[in-house]
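Participant: protein-v4.tsv is the file, holding TSV, C-alpha atoms:
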chain	number	residue	atom	x	y	z
A	1	MET	CA	-3.44	24.42	1.23
A	2	GLU	CA	-0.21	24.43	-0.68
A	3	ILE	CA	1.90	21.31	-0.24
A	4	HIS	CA	5.55	21.69	0.71
A	5	SER	CA	8.42	19.79	2.27
A	6	ARG	CA	10.62	20.93	5.11
A	7	SER	CA	13.63	19.70	3.18
A	8	GLY	CA	12.86	21.84	0.11
A	9	PRO	CA	10.65	21.63	-2.98
A	10	PRO	CA	9.13	18.12	-3.37
A	11	GLY	CA	10.25	15.91	-6.21
A	12	ALA	CA	7.87	14.60	-8.85
A	13	VAL	CA	7.17	11.33	-7.03
A	14	LEU	CA	6.56	13.05	-3.68
A	15	LYS	CA	4.33	15.82	-5.14
A	16	ARG	CA	2.19	13.30	-7.02
A	17	GLU	CA	2.03	11.19	-3.87
A	18	TRP	CA	0.71	14.09	-1.78
A	19	VAL	CA	-1.94	14.92	-4.37
A	20	ARG	CA	-2.95	11.25	-4.46
A	21	GLU	CA	-3.20	11.09	-0.64
A	22	HIS	CA	-5.41	14.18	-0.61
A	23	LEU	CA	-7.74	12.68	-3.21
A	24	LEU	CA	-7.88	9.31	-1.41
A	25	GLY	CA	-8.73	11.07	1.85
A	26	MET	CA	-11.54	12.88	0.03
A	27	ILE	CA	-12.82	9.59	-1.42
A	28	GLU	CA	-12.80	7.90	1.99
A	29	THR	CA	-15.00	10.61	3.52
A	30	ARG	CA	-17.57	10.54	0.71
A	31	SER	CA	-20.12	7.99	-0.48
A	32	ALA	CA	-20.30	6.28	-3.86
A	33	GLY	CA	-21.73	8.68	-6.42
A	34	ASP	CA	-20.67	11.84	-4.56
A	35	PRO	CA	-18.92	14.44	-6.73
A	36	ILE	CA	-15.41	15.73	-6.06
A	37	PRO	CA	-14.42	19.37	-6.68
A	38	SER	CA	-13.35	20.44	-10.16
A	39	GLU	CA	-9.73	20.25	-11.31
A	40	ARG	CA	-9.55	24.05	-11.20
A	41	VAL	CA	-10.67	24.16	-7.56
A	42	LEU	CA	-8.44	21.28	-6.45
A	43	SER	CA	-5.32	22.55	-8.20
A	44	SER	CA	-5.84	25.95	-6.57
A	45	GLU	CA	-6.38	24.40	-3.10
A	46	LEU	CA	-3.30	22.17	-3.35
A	47	GLY	CA	-1.03	24.65	-5.10
A	48	VAL	CA	-0.19	22.28	-7.96
A	49	SER	CA	-0.54	22.59	-11.71
A	50	ARG	CA	-3.68	21.33	-13.40
A	51	PRO	CA	-1.69	18.73	-15.42
A	52	THR	CA	-0.29	17.32	-12.14
A	53	LEU	CA	-3.77	17.24	-10.60
A	54	ARG	CA	-5.31	15.74	-13.74
A	55	ALA	CA	-2.68	12.98	-13.85
A	56	ALA	CA	-3.50	12.00	-10.26
A	57	VAL	CA	-7.24	11.96	-11.03
A	58	ASP	CA	-6.57	9.92	-14.20
A	59	GLU	CA	-4.73	7.33	-12.09
A	60	LEU	CA	-7.63	6.99	-9.63
A	61	VAL	CA	-10.09	6.70	-12.53
A	62	ALA	CA	-7.93	3.97	-14.10
A	63	THR	CA	-7.83	2.04	-10.81
A	64	GLY	CA	-11.59	2.26	-10.30
A	65	GLN	CA	-11.71	4.68	-7.36
A	66	LEU	CA	-13.17	7.60	-9.29
A	67	VAL	CA	-15.61	7.72	-12.23
A	68	ARG	CA	-15.73	10.44	-14.90
A	69	GLU	CA	-19.04	11.29	-16.53
A	70	HIS	CA	-18.79	13.43	-19.64
A	71	GLY	CA	-20.37	16.83	-19.13
A	72	ARG	CA	-21.12	16.17	-15.45
A	73	GLY	CA	-17.83	15.82	-13.60
A	74	THR	CA	-15.92	13.27	-11.54
A	75	PHE	CA	-17.55	11.13	-8.86
A	76	VAL	CA	-16.59	8.61	-6.17
A	77	ALA	CA	-16.79	5.11	-7.64
A	78	PRO	CA	-18.71	2.24	-6.00
A	79	ALA	CA	-16.71	0.33	-3.38
A	80	LYS	CA	-14.64	-2.63	-4.59
A	81	ILE	CA	-15.52	-6.20	-3.61
A	82	THR	CA	-13.07	-7.37	-0.93
A	83	GLN	CA	-11.88	-10.97	-0.66
A	84	GLU	CA	-10.17	-12.01	2.55
A	85	LEU	CA	-7.75	-14.95	2.82
A	86	VAL	CA	-7.27	-16.13	6.40
A	87	LEU	CA	-4.50	-18.36	7.69
A	88	ASP	CA	-6.27	-20.69	10.14
A	89	ASP	CA	-4.11	-23.65	11.07
A	90	ALA	CA	-3.95	-24.67	14.71
A	91	ARG	CA	-0.63	-26.44	14.17
A	92	SER	CA	1.04	-23.32	12.74
A	93	PRO	CA	-1.00	-20.22	13.61
A	94	ARG	CA	1.63	-17.74	12.46
A	95	PHE	CA	1.65	-16.18	9.00
A	96	HIS	CA	4.88	-16.79	7.12
A	97	ALA	CA	6.02	-15.20	3.86
A	98	PRO	CA	9.20	-16.75	2.43
A	99	ILE	CA	11.72	-14.33	0.97
A	100	ALA	CA	11.37	-13.92	-2.78
A	101	THR	CA	14.18	-15.01	-5.08
A	102	GLY	CA	17.00	-12.72	-6.16
A	103	VAL	CA	19.24	-10.21	-4.40
A	104	TRP	CA	17.12	-7.36	-3.00
A	105	THR	CA	18.61	-3.89	-2.41
A	106	SER	CA	17.02	-0.64	-1.25
A	107	SER	CA	17.74	3.01	-2.05
A	108	VAL	CA	16.00	6.01	-0.50
A	109	LEU	CA	14.31	8.42	-2.93
A	110	GLU	CA	12.83	10.76	-0.31
A	111	LEU	CA	13.27	11.10	3.46
A	112	THR	CA	11.44	13.95	5.14
A	113	THR	CA	9.34	14.95	8.13
A	114	ARG	CA	5.91	16.48	7.57
A	115	GLN	CA	2.47	16.66	9.10
A	116	ALA	CA	0.48	13.41	9.04
A	117	GLY	CA	-2.66	14.87	7.47
A	118	ALA	CA	-6.19	13.58	7.97
A	119	ARG	CA	-5.98	10.26	6.08
A	120	ILE	CA	-2.64	8.97	7.40
A	121	GLY	CA	-3.44	10.37	10.84
A	122	ARG	CA	-6.59	8.22	10.97
A	123	LYS	CA	-4.66	5.11	9.99
A	124	LEU	CA	-1.88	5.66	12.56
A	125	ARG	CA	-4.26	7.06	15.23
A	126	ILE	CA	-2.34	10.31	15.54
A	127	SER	CA	-3.36	13.94	15.12
A	128	PRO	CA	-3.40	15.28	11.55
A	129	ALA	CA	-0.97	17.94	12.82
A	130	ALA	CA	1.44	15.40	14.34
A	131	ASP	CA	4.88	14.98	12.78
A	132	LEU	CA	5.27	12.05	10.43
A	133	VAL	CA	8.43	10.51	8.98
A	134	TYR	CA	7.81	9.85	5.27
A	135	ILE	CA	10.11	7.68	3.15
A	136	ALA	CA	9.95	6.82	-0.54
A	137	ARG	CA	12.19	3.83	-1.21
A	138	LEU	CA	13.11	2.00	-4.39
A	139	GLN	CA	13.52	-1.78	-4.19
A	140	ARG	CA	15.72	-3.48	-6.76
A	141	VAL	CA	16.16	-7.19	-7.47
A	142	ASP	CA	19.49	-8.15	-9.02
A	143	GLY	CA	19.90	-4.47	-9.90
A	144	ILE	CA	16.54	-4.19	-11.71
A	145	PRO	CA	13.92	-1.72	-10.34
A	146	MET	CA	11.10	-3.79	-8.86
A	147	ALA	CA	9.02	-1.69	-6.45
A	148	ILE	CA	8.47	1.76	-4.97
A	149	GLU	CA	7.61	1.82	-1.28
A	150	HIS	CA	5.98	4.74	0.53
A	151	LEU	CA	6.52	4.33	4.28
A	152	HIS	CA	4.92	6.43	7.04
A	153	PHE	CA	5.95	6.35	10.72
A	154	PRO	CA	4.88	8.56	13.64
A	155	ALA	CA	7.93	10.76	14.15
A	156	ALA	CA	7.68	10.32	17.93
A	157	LEU	CA	8.50	6.61	17.50
A	158	VAL	CA	11.50	6.97	15.17
A	159	PRO	CA	12.83	10.54	15.55
A	160	HIS	CA	16.32	9.55	14.40
A	161	LEU	CA	15.56	7.02	11.68
A	162	SER	CA	18.47	7.25	9.24
A	163	ARG	CA	18.99	6.72	5.54
A	164	GLU	CA	21.56	4.01	6.38
A	165	GLU	CA	18.98	1.99	8.33
A	166	LEU	CA	16.58	2.22	5.39
A	167	GLU	CA	19.14	1.00	2.87
A	168	ALA	CA	21.03	-1.74	4.74
A	169	GLY	CA	19.83	-4.75	6.72
A	170	GLU	CA	16.30	-5.55	7.82
A	171	LEU	CA	14.28	-2.45	8.73
A	172	TYR	CA	12.25	-4.22	11.43
A	173	ASP	CA	15.50	-5.41	13.05
A	174	HIS	CA	16.71	-1.79	13.15
A	175	LEU	CA	13.38	-0.66	14.63
A	176	ARG	CA	13.70	-3.26	17.38
A	177	ASP	CA	17.40	-2.90	18.16
A	178	ARG	CA	17.89	0.86	17.73
A	179	HIS	CA	14.47	2.40	18.34
A	180	GLN	CA	12.84	-0.11	20.74
A	181	VAL	CA	9.85	-0.52	18.42
A	182	TYR	CA	8.64	-4.13	18.47
A	183	VAL	CA	6.50	-5.26	15.54
A	184	ARG	CA	3.72	-7.72	16.27
A	185	GLU	CA	1.33	-8.05	13.32
A	186	ALA	CA	0.11	-6.40	10.15
A	187	SER	CA	-2.97	-6.34	7.94
A	188	GLN	CA	-2.27	-6.17	4.23
A	189	SER	CA	-4.30	-5.74	1.05
A	190	ILE	CA	-3.31	-6.36	-2.58
A	191	GLU	CA	-5.02	-5.00	-5.68
A	192	PRO	CA	-4.19	-4.27	-9.32
A	193	THR	CA	-3.29	-0.77	-10.49
A	194	VAL	CA	-1.23	1.04	-13.14
A	195	VAL	CA	1.86	3.25	-12.90
A	196	ASN	CA	1.77	6.98	-13.53
A	197	GLU	CA	4.42	8.95	-15.40
A	198	ALA	CA	6.68	9.64	-12.41
A	199	GLU	CA	6.48	6.03	-11.17
A	200	ALA	CA	7.13	4.68	-14.68
A	201	ALA	CA	10.34	6.71	-14.87
A	202	VAL	CA	11.59	5.29	-11.56
A	203	LEU	CA	10.63	1.69	-12.37
A	204	ASP	CA	11.83	1.92	-16.00
A	205	VAL	CA	8.51	0.76	-17.48
A	206	PRO	CA	5.99	2.40	-19.86
A	207	VAL	CA	3.35	4.74	-18.43
A	208	LEU	CA	0.14	2.91	-17.40
A	209	SER	CA	1.97	-0.42	-17.11
A	210	PRO	CA	0.18	-2.89	-14.82
A	211	ALA	CA	1.31	-3.05	-11.22
A	212	LEU	CA	0.34	-4.45	-7.83
A	213	LEU	CA	-0.64	-1.98	-5.11
A	214	ILE	CA	0.14	-3.47	-1.69
A	215	GLU	CA	-1.03	-1.60	1.41
A	216	ARG	CA	0.03	-2.60	4.93
A	217	LEU	CA	-0.80	-1.31	8.41
A	218	THR	CA	1.55	-2.64	11.08
A	219	THR	CA	1.00	-2.62	14.84
A	220	ASP	CA	3.45	-3.05	17.71
A	221	THR	CA	3.19	-5.37	20.69
A	222	SER	CA	0.86	-2.96	22.49
A	223	GLY	CA	-1.55	-2.91	19.54
A	224	ARG	CA	-0.57	0.63	18.51
A	225	PRO	CA	-0.28	1.36	14.77
A	226	MET	CA	3.37	2.13	14.09
A	227	GLU	CA	3.71	1.95	10.31
A	228	TYR	CA	1.58	2.51	7.24
A	229	VAL	CA	3.05	1.45	3.92
A	230	HIS	CA	1.80	1.32	0.39
A	231	SER	CA	4.01	-0.19	-2.26
A	232	LEU	CA	3.86	-0.39	-6.02
A	233	TYR	CA	5.28	-3.60	-7.54
A	234	ARG	CA	5.86	-4.10	-11.24
A	235	GLY	CA	3.08	-6.27	-12.65
A	236	ASP	CA	5.29	-7.64	-15.41
A	237	ARG	CA	7.90	-8.97	-12.99
A	238	TYR	CA	6.24	-9.68	-9.68
A	239	ARG	CA	3.30	-11.83	-8.63
A	240	ILE	CA	1.72	-13.01	-5.40
A	241	MET	CA	1.10	-16.74	-4.99
A	242	SER	CA	-1.26	-18.26	-2.42
A	243	ARG	CA	-1.58	-21.92	-1.47
A	244	LEU	CA	-5.04	-22.98	-0.25
A	245	THR	CA	-5.89	-26.21	1.55
A	246	PHE	CA	-9.54	-27.29	1.63
A	247	GLY	CA	-11.45	-29.78	3.75
A	248	THR	CA	-12.07	-30.88	7.31
A	249	SER	CA	-10.81	-33.81	9.32
A	250	PRO	CA	-12.40	-37.18	8.45
A	251	GLY	CA	-15.68	-37.63	10.31
A	252	ALA	CA	-15.84	-34.03	11.50
A	253	PRO	CA	-19.29	-32.42	11.26
A	254	THR	CA	-19.73	-29.82	8.54
A	255	ALA	CA	-21.78	-26.69	9.08
A	256	PRO	CA	-24.68	-26.31	6.64
A	257	PRO	CA	-24.07	-23.62	4.03
A	258	ALA	CA	-25.96	-20.36	4.27
A	259	PRO	CA	-28.46	-19.64	1.48
A	260	GLU	CA	-26.65	-18.70	-1.75
A	261	ALA	CA	-23.33	-18.70	0.14
A	262	HIS	CA	-20.10	-19.34	-1.67
A	263	LEU	CA	-16.43	-18.67	-1.18
A	264	PRO	CA	-15.13	-15.60	-3.08
A	265	GLY	CA	-13.04	-16.61	-6.08
A	266	LEU	CA	-14.35	-20.19	-6.06
A	267	PRO	CA	-17.27	-21.60	-8.10
A	268	PRO	CA	-20.43	-21.87	-5.95
A	269	GLY	CA	-20.98	-25.33	-4.52
A	270	ASP	CA	-17.43	-26.61	-5.04
A	271	PHE	CA	-16.72	-26.68	-1.28
A	272	ALA	CA	-18.92	-26.65	1.78
A	273	ALA	CA	-19.13	-23.25	3.42
A	274	GLY	CA	-18.08	-24.76	6.76
A	275	ASP	CA	-14.85	-26.28	5.40
A	276	ARG	CA	-11.62	-24.87	6.70
A	277	ILE	CA	-9.46	-22.98	4.21
A	278	THR	CA	-5.80	-22.47	5.02
A	279	SER	CA	-3.51	-20.29	2.95
A	280	SER	CA	0.14	-19.31	2.66
A	281	THR	CA	1.44	-16.50	0.49
A	282	ARG	CA	4.79	-15.65	-1.04
A	283	GLY	CA	6.27	-13.24	-3.53
A	284	ASP	CA	7.74	-14.53	-6.77
A	285	VAL	CA	10.04	-12.52	-9.06
A	286	GLN	CA	9.51	-13.60	-12.65
A	287	ASP	CA	12.31	-13.87	-15.19
A	288	GLY	CA	12.40	-11.19	-17.84
A	289	GLY	CA	12.10	-12.01	-21.48
So that I can check it, write out the structure of this file as structure tokens.

Facilitator:
Amino acid sequence: MEIHSRSGPPGAVLKREWVREHLLGMIETRSAGDPIPSERVLSSELGVSRPTLRAAVDELVATGQLVREHGRGTFVAPAKITQELVLDDARSPRFHAPIATGVWTSSVLELTTRQAGARIGRKLRISPAADLVYIARLQRVDGIPMAIEHLHFPAALVPHLSREELEAGELYDHLRDRHQVYVREASQSIEPTVVNEAEAAVLDVPVLSPALLIERLTTDTSGRPMEYVHSLYRGDRYRIMSRLTFGTSPGAPTAPPAPEAHLPGLPPGDFAAGDRITSSTRGDVQDGG
């Protein structure tokens, strides 16, 4: 299965991205401790050089998704512990993320149509053979590279999505006004990672610099997945801040805690398990220096 683009040979970022997606799809269909094929086999299957394949494997080892054992091979790592923060406020049930500081601009690195593949197809509930619009986009703040976004849309929803729409104005406004795609909600995860060589060159940071990997799956008003995005934000310049509010109304009954129960990220026993926790999250661009 040699990877290729309809618009010509893939660039370094896009080729590495396709290799990474293939490996992640393999990880998702295996159990912890299962081996993955050798670099020789994978590079032959994907039609990429062994250094390119090895760099992608190195990245997944560094981020804890694969484990190398000397003399034995590479294996699927144990699953990560997941912590969920839920906004649960009857007075304001909507999630709100204030715009981060600075002047944000976007530039398109890649814009192509290709097959969804097994992993992205599962996320968007479309056939692996269905057409997918793939975009790699660089986000700058005050002219400084801040993030690389990889966006995936079912081509049937946005067959005429243009570079101009991706670089000017609010993308969700364009989806609503020009493509009749109405966004309703999204689920999002955030975890630490490091940048590879191609990403470091785009973001102007050293290789293996810390970064935040943000994944988002967005659904429309009918509940249909319409966008899958994963973004890489510079760890030295960007952070996510959450505000938590603890406690119940005065006099309200408190549910007894379950045995050995505690709230992830908080010392056991600090708060009753039945207490309400509300949260709000925003991005914060940090000053250089």

Participant: Using Å and a single decimal, report how far CA of Leu132 in chain A sits from CA of Ala156 in chain A.

Facilitator: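 Interatomic distance, CA of Ala156 in chain A to CA of Leu132 in chain A: 8.1 Å.
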
Participant: Calculated over all atoms listed in the file, which of the candidates A:Asn196, A:Leu138, A:Met146, A:Ser209 has the smallest distance to Arg20 in chain A?

Facilitator: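 That would be A:Asn196, the residue with the smallest distance to Arg20 in chain A.
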
Participant: I need every residue sitting at most 12 Å from the point (-5.3, 9.1, -0.7) (coordinates as in the file, all atoms listed in the file considered), written as a VMD selection string.

Facilitator: chain A and resid 16 to 29 56 to 57 59 to 60 65 to 66 117 to 123 215 230

Participant: Rounded to one decimal in Å, what is the spacing between CA of Ser106 in chain A and CA of Thr221 in chain A?

Facilitator: 26.4 Å

Participant: Check the smallest atom-to-atom distance from each of A:Leu171, A:Val183, A:Leu53, A:Ile135 to Met226 in chain A using all atoms listed in the file, then report the winner.

Facilitator: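 For Met226 in chain A, the nearest of the given residues is A:Val183.
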
Participant: Between CA of Val205 in chain A and CA of Leu109 in chain A, what distance in Å does the model show, to one decimal?

Facilitator: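 Separating CA of Val205 in chain A from CA of Leu109 in chain A is a distance of 17.4 Å.
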
Participant: From the options A:His150, A:Arg178, A:Arg184, A:Arg137, which residue's atoms come nearest to Ile214 in chain A, counting all atoms listed in the file?

Facilitator: A:His150

Participant: Choose the residue, out of A:Ile36, A:Ala198, A:Glu149, A:Gln115, that has the smallest atom-to-atom separation from Thr52 in chain A; count only C-alpha atoms.

Facilitator: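 Closest to Thr52 in chain A, using only C-alpha atoms: A:Ala198.
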